[in-house]
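Asks: There's a structure below that I have some questions on.
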Amino acid sequence: MSRFRLPFIALLALGLSASSASACRLALALGFDVSRSVDGADYRNQTDGIIAAFANPVVRDLLLRPEQPVAVAVYEWAGQYRQTLLADWVLLDSAETIDALAQRIETHHRVDNSLTAVGSALVYGRDLLSRAPQDCPWHTLDLAGDGQNNDGYAPARIYAEGGFDGIVVNGLVIGEHDPEVRAWYERHVLHGPGAFAEYAVTHAEFADAFLRKLIRELTEPMLGMTEVPATQG
């Protein structure tokens, strides 16, 4: 049984465009690896970690305290043509919308279990951010993964195609299956000023790493930055 009991109208909010509501300070696209290296237990750790982070009082305070909320979209990715949108853009401007997003993630049934197409995951996140609320000055794409690209175009090819101006790409790297994946993400995936990667040695550490990463992403755009980053080209 779901741990979130919300009215139907709260769930409908996840299908509404955030551009129709108040201004936001950050558009955050979250992409999670569901390739074949992520088994059922790993996937449960991932899902539970995401839900726990959105229930964390520090995260909720960061989301709800500012006058301008954060817009979030969530997707899963695996092979070259295997991306699934879990939640389209939603403004997390109330406890109800945060809980509705968590419920959507909790009740989602995993679709893919294929190869690891990091380049395609970047393209999907880039295109998702291209239709983020227009009044969000900060655009961040966050990819969580446990392996290097083995399907489709490499990240370097994707970045060379353009469209990432004004987008910061961060990572959440799980090193359980590949000891080189952290260095690979740092060389090939991170993009933009201030980009960083949080690291989890195993999938069991995903929740702590995701919480650290999310708090950092929600905090840094508020730390006295006065210049608005370049808009997407």
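So you can find residues: chains in the structure tokens are A, B, ... in the order shown, residues in each start at 1, and ligands are numbered from 1 in order.
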Please run DSSP on the backbone and report, as a VMD selection string, all residues within chain A that come out as helix (DSSP H, G or I).
Replies: chain A and resid 8 to 15 18 to 20 40 to 55 57 to 64 95 to 107 118 to 130 155 to 161 181 to 188 203 to 222
Asks: Could you pull out the residues in range 72-232 of chain A that DSSP calls strand (DSSP E) from the backbone, as a ChimeraX atom specification?
Replies: /A:72-77,83-92,138-145,167-174,197-200
Asks: If you count only C-alpha atoms, which residues fall within 8 Å of range 57-66 of chain A, apart from same-chain ones fewer than 3 positions away, as an MDAnalysis selection string?
Replies: chainID A and resid 53:54 69:70 92:95 214:215 218:219
Asks: Write out as JSON lines a residue-level contact list of range 64-163 of chain A versus range 184-202 of chain A with cut-off 8 Å: for each qualifying residue the closest pair of atoms and the distance in Å to one decimal, counting only C-alpha atoms, rows sorted by chain and residue number upward.
Replies:
{"residue": "A:Gln148", "atom": "CA", "partner": "A:Trp184", "partner_atom": "CA", "distance": 6.9}
{"residue": "A:Pro155", "atom": "CA", "partner": "A:His188", "partner_atom": "CA", "distance": 6.2}
{"residue": "A:Ala156", "atom": "CA", "partner": "A:His188", "partner_atom": "CA", "distance": 6.6}
Asks: Deliver the residues from the most recent selection as a file, using C-alpha atoms, as a tab-separated table (two decimals), in the first residue's frame.
Replies:
chain	number	residue	atom	x	y	z
A	148	GLN	CA	29.83	3.75	-18.83
A	155	PRO	CA	28.45	11.99	-24.47
A	156	ALA	CA	31.21	13.84	-26.37
Asks: What is the distance between CA of Phe32 in chain A and CA of Ala144 in chain A, in Å to one decimal?
Replies: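 That distance, rounded to one decimal, is 4.9 Å.
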Asks: Between A:Ala71, A:Leu30, A:Leu122, A:Ile98, which is the closest to Glu161 in chain A once you count only C-alpha atoms?
Replies: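 Smallest separation from Glu161 in chain A among the options: A:Leu122.
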Asks: Set the distance at 8 Å and use only C-alpha atoms: which residues neighbour Leu86 in chain A once local chain neighbours fewer than 4 positions away are removed? I'd like the list as a PyMOL selection string.
Replies: chain A and resi 73-76+104-105+108
Asks: Quick one: write out the picked residues with N, CA and C atoms as an mmCIF file, in the first residue's frame?
Replies:
data_model
loop_
_atom_site.group_PDB
_atom_site.id
_atom_site.type_symbol
_atom_site.label_atom_id
_atom_site.label_comp_id
_atom_site.auth_asym_id
_atom_site.auth_seq_id
_atom_site.Cartn_x
_atom_site.Cartn_y
_atom_site.Cartn_z
ATOM 1 N N ALA A 73 11.222 17.486 -13.067
ATOM 2 C CA ALA A 73 10.734 16.430 -13.941
ATOM 3 C C ALA A 73 11.610 15.204 -13.713
ATOM 4 N N VAL A 74 11.037 14.017 -13.828
ATOM 5 C CA VAL A 74 11.751 12.780 -13.499
ATOM 6 C C VAL A 74 11.600 11.782 -14.647
ATOM 7 N N TYR A 75 12.720 11.152 -15.022
ATOM 8 C CA TYR A 75 12.650 10.104 -16.042
ATOM 9 C C TYR A 75 13.636 8.993 -15.733
ATOM 10 N N GLU A 76 13.385 7.831 -16.334
ATOM 11 C CA GLU A 76 14.293 6.699 -16.261
ATOM 12 C C GLU A 76 14.901 6.464 -17.631
ATOM 13 N N ARG A 104 3.956 9.317 -7.193
ATOM 14 C CA ARG A 104 4.104 8.904 -8.589
ATOM 15 C C ARG A 104 5.326 8.007 -8.755
ATOM 16 N N ILE A 105 6.424 8.365 -8.111
ATOM 17 C CA ILE A 105 7.638 7.558 -8.192
ATOM 18 C C ILE A 105 7.440 6.212 -7.514
ATOM 19 N N HIS A 108 5.231 3.821 -9.681
ATOM 20 C CA HIS A 108 5.672 3.537 -11.048
ATOM 21 C C HIS A 108 6.232 2.124 -11.156
#
Asks: Near Gln68 in chain A, counting only C-alpha atoms, which residues have an atom at most 7 Å away, once you skip same-chain residues fewer than 5 positions from it, shown as a PyMOL selection string?
Replies: chain A and resi 23-25
Asks: Would you mind exporting the chosen residues as a PDB file, in the first residue's frame, restricted to all heavy atoms?
Replies:
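To be explicit, this is the file written out as part_29.pdb:
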ATOM      1  N   ALA A  23       6.475  31.893 -10.897  1.00  0.00           N
ATOM      2  CA  ALA A  23       7.847  31.767 -11.339  1.00  0.00           C
ATOM      3  C   ALA A  23       8.599  30.768 -10.461  1.00  0.00           C
ATOM      4  O   ALA A  23       8.267  30.554  -9.304  1.00  0.00           O
ATOM      5  CB  ALA A  23       8.530  33.125 -11.290  1.00  0.00           C
ATOM      6  N   CYS A  24       9.644  30.155 -11.040  1.00  0.00           N
ATOM      7  CA  CYS A  24      10.466  29.239 -10.264  1.00  0.00           C
ATOM      8  C   CYS A  24      11.910  29.704 -10.310  1.00  0.00           C
ATOM      9  O   CYS A  24      12.291  30.508 -11.154  1.00  0.00           O
ATOM     10  CB  CYS A  24      10.327  27.811 -10.791  1.00  0.00           C
ATOM     11  SG  CYS A  24      11.195  27.493 -12.331  1.00  0.00           S
ATOM     12  N   ARG A  25      12.726  29.169  -9.399  1.00  0.00           N
ATOM     13  CA  ARG A  25      14.132  29.568  -9.378  1.00  0.00           C
ATOM     14  C   ARG A  25      15.034  28.528 -10.043  1.00  0.00           C
ATOM     15  O   ARG A  25      16.163  28.831 -10.415  1.00  0.00           O
ATOM     16  CB  ARG A  25      14.596  29.814  -7.945  1.00  0.00           C
ATOM     17  CG  ARG A  25      14.746  28.572  -7.089  1.00  0.00           C
ATOM     18  CD  ARG A  25      15.256  28.898  -5.696  1.00  0.00           C
ATOM     19  NE  ARG A  25      15.619  27.724  -4.921  1.00  0.00           N
ATOM     20  CZ  ARG A  25      14.773  27.028  -4.166  1.00  0.00           C
ATOM     21  NH1 ARG A  25      13.511  27.422  -4.089  1.00  0.00           N
ATOM     22  NH2 ARG A  25      15.170  25.972  -3.497  1.00  0.00           N
TER      23      ARG A  25
END
Asks: May I ask which of the residues A:Gly147, A:Val173, A:Trp89, A:Cys136 is the closest one to Ser37 in chain A, counting only C-alpha atoms?
Replies: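 For Ser37 in chain A, the nearest of the given residues is A:Gly147.
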Asks: Would you list the contacts of Trp77 in chain A as a VMD selection string, taking every protein, DNA or RNA residue within 10 Å and counting only C-alpha atoms, but skipping same-chain residues closer than 3 positions in sequence?
Replies: chain A and resid 31 to 35 80 to 85 111 to 118 120 to 122 124 to 125 143 to 145
Asks: Record the distance separating CA of Gly152 in chain A and CA of Ile50 in chain A, expressed in Å with one decimal.
Replies: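 Here the two named atoms are 27.4 Å from each other.
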Asks: Determine the nearest neighbour of Leu172 in chain A from the options A:Asn45, A:Lys213, A:Pro137, A:Ala160, counting only C-alpha atoms.
Replies: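 Nearest candidate to Leu172 in chain A out of A:Asn45, A:Lys213, A:Pro137, A:Ala160: A:Lys213.
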